[in-house]
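Asks: Take this structure, written in structure tokens, and hold onto it; I'll ask about it next.
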2 protein chains.
Amino acid sequence: MMEVVKYPLRENWKKLLARPAAARTDIGPVVEGILAEIKDKGDEALRRYTEKFDQVALETLKVSEEEFREADASLSHSLKNAIDTASANVEAFHRSQKEPFRKVETMPGVLCWRKSVPIQRVGLYIPGGTAPLFSTLLMLAIPAMVAGCEEIVVCSPPNKQGKLHPAILYIAGRLKIKQVFKVGGAQAIAAMAYGTESIPQVFKIFGPGNAFVTKAKQLVAQEGLAIDLPAGPSEVAVMIDQTADPEFVAADLLAQAEHGTDSQVLLVAKDEMLVAEVLSSIRNQVERLPRKEIAEAALENSRAIILHNMGEMLDLVNEYAPEHLIMSVDQPESLSEQIVNAGSVFLGHYSPESIGDYASGTNHTLPTYGYAKAISGVSLDSFVKKITFQQIDEDGLQRIGPVVEEMAEAEGLHAHKWAVSIRLDSLQSGLSLESE
Amino acid sequence: MMEVVKYPLRENWKKLLARPAAARTDIGPVVEGILAEIKDKGDEALRRYTEKFDQVALETLKVSEEEFREADASLSHSLKNAIDTASANVEAFHRSQKEPFRKVETMPGVLCWRKSVPIQRVGLYIPGGTAPLFSTLLMLAIPAMVAGCEEIVVCSPPNKQGKLHPAILYIAGRLKIKQVFKVGGAQAIAAMAYGTESIPQVFKIFGPGNAFVTKAKQLVAQEGLAIDLPAGPSEVAVMIDQTADPEFVAADLLAQAEHGTDSQVLLVAKDEMLVAEVLSSIRNQVERLPRKEIAEAALENSRAIILHNMGEMLDLVNEYAPEHLIMSVDQPESLSEQIVNAGSVFLGHYSPESIGDYASGTNHTLPTYGYAKAISGVSLDSFVKKITFQQIDEDGLQRIGPVVEEMAEAEGLHAHKWAVSIRLDSLQSGLSLESE
């Protein structure tokens with residue numbers, strides 16, 4: 001069960017809030033070996049690893065039209081409707097992130113602008129296993145589609161029957177994504193990074209995964225491929241005041257704790273009695289969970305911290321920089337203005353994290369492990385590059401040219417200066433000719 | 001001199017456009033040693049490395065008020081004016097990147113929004129050496145200031161007299177940045193990553209540097225610290241048509257070539273005669289350059305590529321994904337709409353790259369080495385995190401709750417479902433009570 005820490009001194013916060021250290025079995029060499037094999041042998045190696053790790057022999061890695069149809073037929077109407085509603089929300093929110101296009105005349109004759117241009121080819125990794133997280137495909141494929149990425153490649157490990165979860169195929173089909181491959185693990189990351197006969201090479205890879213997938217993403221990132229976010233175990237901080245319902249709070253903490261034994265939850269409060277009620281509710285609710293053992297193990301990594309006042313609570317949360325922050329407090333919106341480090345924030349008593357995990361519209365791919373101090377979650381921005389443009393006319397060059405000459409000279413970059421001077425000279429002689 | 005390649009086949013483009021491989025002397029262990037020393041011994045180790053690498057013994061690493069005043073007094077009025085003008089343009093363009101705040105009601109009762117929040121503490125590295133690139137401080141400090149970063153830390157290596165270039169101090173003084181330290185190399189990156197007695201720990205590190213600085217940034221990034229961009233040698237592609245002035249084009253190519261022997265320039269054209277004129281101009285102009293040897297060495301890595309038509313030229317440039325692209329062509333703006341991979345684009349005959357390097361307003365910290373296929377240059381975005389928020393009211397929860405229950409159930413995450421159900425149940429019983 002969660003440890004209760006009362007009134008910790010500020011100088012001890014950093015240590016108190018440290019994430020559990022990741023188990024450091026060194027899988028680097030294994031993953032490097034897989035990457036090298038895929039780079040060298042392509043599809044043949046992919047099939048070999050799929051047989052070894054996913055225990056299924058596949059002739060064709062690409063999902064067929066037939067499989068898409070089967071998946072569509074096998075999925076319940078109610079789940080399809082739920083996915084459709086969630087999709088509409090995610091799409092609406094990510095569409096709202098489109099940047100308005102505007103040109104800025106920084107000086108007369110000097111026009112600057114920037115334009116969001118979709119990354120042409122993106123790869124989405126969707127973990128499999130006992131509970132394939134099809135919601136992750138929604139969260140990655142919808143912004144990719146809204147951004148206008150030309151080629152969207154999806155890889156996910158097959159089950160022992162050589163199939164993907166029908167919800168994954170339903171979502172891909174809905175978004176007209178045809179390039180779906182039954183490949184998982186480090187080998188899938190390698191395939192998208194280097195390309196194989198059947199899997200196209202992409203420019204950026206997204207998606208969560210196990211330790212092998214994470215390591216593979218790190219390694220290809222070191223080689224220069226773009227990736228979405230550094231990975232870490234999922235986490236939530238819940239801030240509560242006297243208006244919070246201890247049963248709701250307990251449910252929110254457990255929802256995070258069931259993710260994995262390395263998940264971390266943090267409860268932040270000033271009322272000791274209320275914390276005791278939450279812990280008591282957790283004890284009751286956890287009994288009913290199919291993933292009880294996982295949740296209990298995660299709670300062992302977790303803390304309830306009691307502080308003197310709301311100001312301290314906000315400071316502590318900002319120091320922790322949680323992936324998810326639930327503010328089960330009165331007036332959450334005004335208090336939330338003081339949150340400076342967090343991935344996604346859930347305001348009030350009726351905004352549980354699960355709403356954002358699936359359906360509110362915000363993205364659930366978020367910075368963990370304190371990265372929220374400097375890094376944003378996945379958004380439309382993650383699927384575009386913002387290219388800058390500038391256009392200077394003769395008049396503009398005459399205004400700005402001398403500025404550049406002066407600065408380039410001071411930096412000792414004479415060719416930089418000359419590229420301006422030669423143009424100014426030519427304009428000058430043009431003017432002389434005109435005035436003759 | 002540049003190699004001229006005529007009508008290469010598309011299947012050979014990738015190889016033709018490969019960047020020169022970086023010299024791979026393995027400095028990893030040396031840099032790891034420096035990082036460990038700074039982490040362990042702080043300022044004492046910083047002073048020791050400064051004496052060793054910069055050949056100056058410094059008691060105090062922080063720039064004093066006195067030094068700021070001296071720098072201000074020693075700088076010419078004309079350079080100050082030039083810096084002021086460039087600053088105003090850079091500030092105007094980066095201010096224009098502020099994201100409008102808007103809330104999106106994705107469903108009735110489900111409000112989502114995101115907010116740009118400044119990264120609280122950022123570190124800017126400004127290289128020193130014979131020609132300190134003070135313009136880089138403009139390009140990093142102005143967006144940091146516009147973003148509202150609370151603490152801006154600047155590190156730059158001192159000269160043998162223990163001083164920084166007065167233009168660096170003038171710019172810092174102008175922006176009211178007080179935390180300027182005379183520390184360079186890997187040790188400066190370590191100091192900002194871990195913090196020392198005198199240098200504050202930051203959440204993100206920006207700025208170019210030599211191989212040691214680049215390696216140090218890579219290593220701290222692997223430990224989870226955010227950095228601006230992966231580093232690579234600077235490069236330009238210049239597209240020309242019959243309207244281009246060969247003298248201007250030669251000057252632009254040389255401006256890039258003088259950066260370093262590993263710089264790369266690419267000339268893309270369909271008119272062989274015009275290319276010959278450009279090369280002839282280069283031969284003449286290079287003689288006058290103080291950095292002639294550097295430029296000539298860079299030209300050895302460089303190519304002029306002759307293609308059949310503008311469509312091919314655009315495709316080749318997109319495949320190369322240049323850091324800088326100069327379009328010395330007629331109707332550059334409409335052609336530029338077909339550019340999908342580039343860092344910063346310079347349109348027309350009067351927009352040399354040096355204008356953007358210093359003063360047009362766009363940022364000069366850009367993706368090299370083909371990273372422009374997936375990564376943007378530094379902008380206001382680089383200094384903020386975009387935190388998402390959601391607020392669901394009772395009505396909204398009743399609409400969206402069943403969607404989340406359905407999806408969580410399908411993913412086998414029962415606690416996620418329960419966090420919604422417990423709230424829906426309570427609303428239901430509340431309603432029953434009301435109707436009694």
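In the structure tokens, the first chain shown is A, the next is B, and so on; residue numbers restart at 1 for each chain, and ligands run from 1 in the order shown.
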Using only C-alpha atoms, determine which residues lie at most 8 Å from Thr261 of chain A, disregarding the query and same-chain residues fewer than 3 positions distant; provide the list as a ChimeraX atom specification.
Replies: /A:257-258,294-298
Asks: Determine which residues of chain B sit within 6 Å of chain A, taking into account only C-alpha atoms, and present them as a ChimeraX atom specification.
Replies: /B:82,89,106,119,131,203,251-252,255,343-347,350-351,354,374-376,385-393,403,411-412,415-416,419
Asks: What is the distance between atom CA of Ala216 of chain B and atom CA of Gln187 of chain B, in Å to one decimal?
Replies: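 Between atom CA of Ala216 of chain B and atom CA of Gln187 of chain B the gap is 8.2 Å.
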Asks: Looking at only C-alpha atoms, which of A:Met192, A:Met310, A:Val213, A:Leu219 is the one that sits closest to Ile240 of chain A?
Replies: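 The closest residue to Ile240 of chain A is A:Met310.
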Asks: As a count of residues only, which residues of segment 110-314 of chain B does DSSP assign to strand (DSSP E or B)?
Replies: 45
Asks: Work out how far atom CA of Gly123 of chain B is from atom CA of Glu151 of chain B, in Å to one decimal.
Replies: 8.5 Å
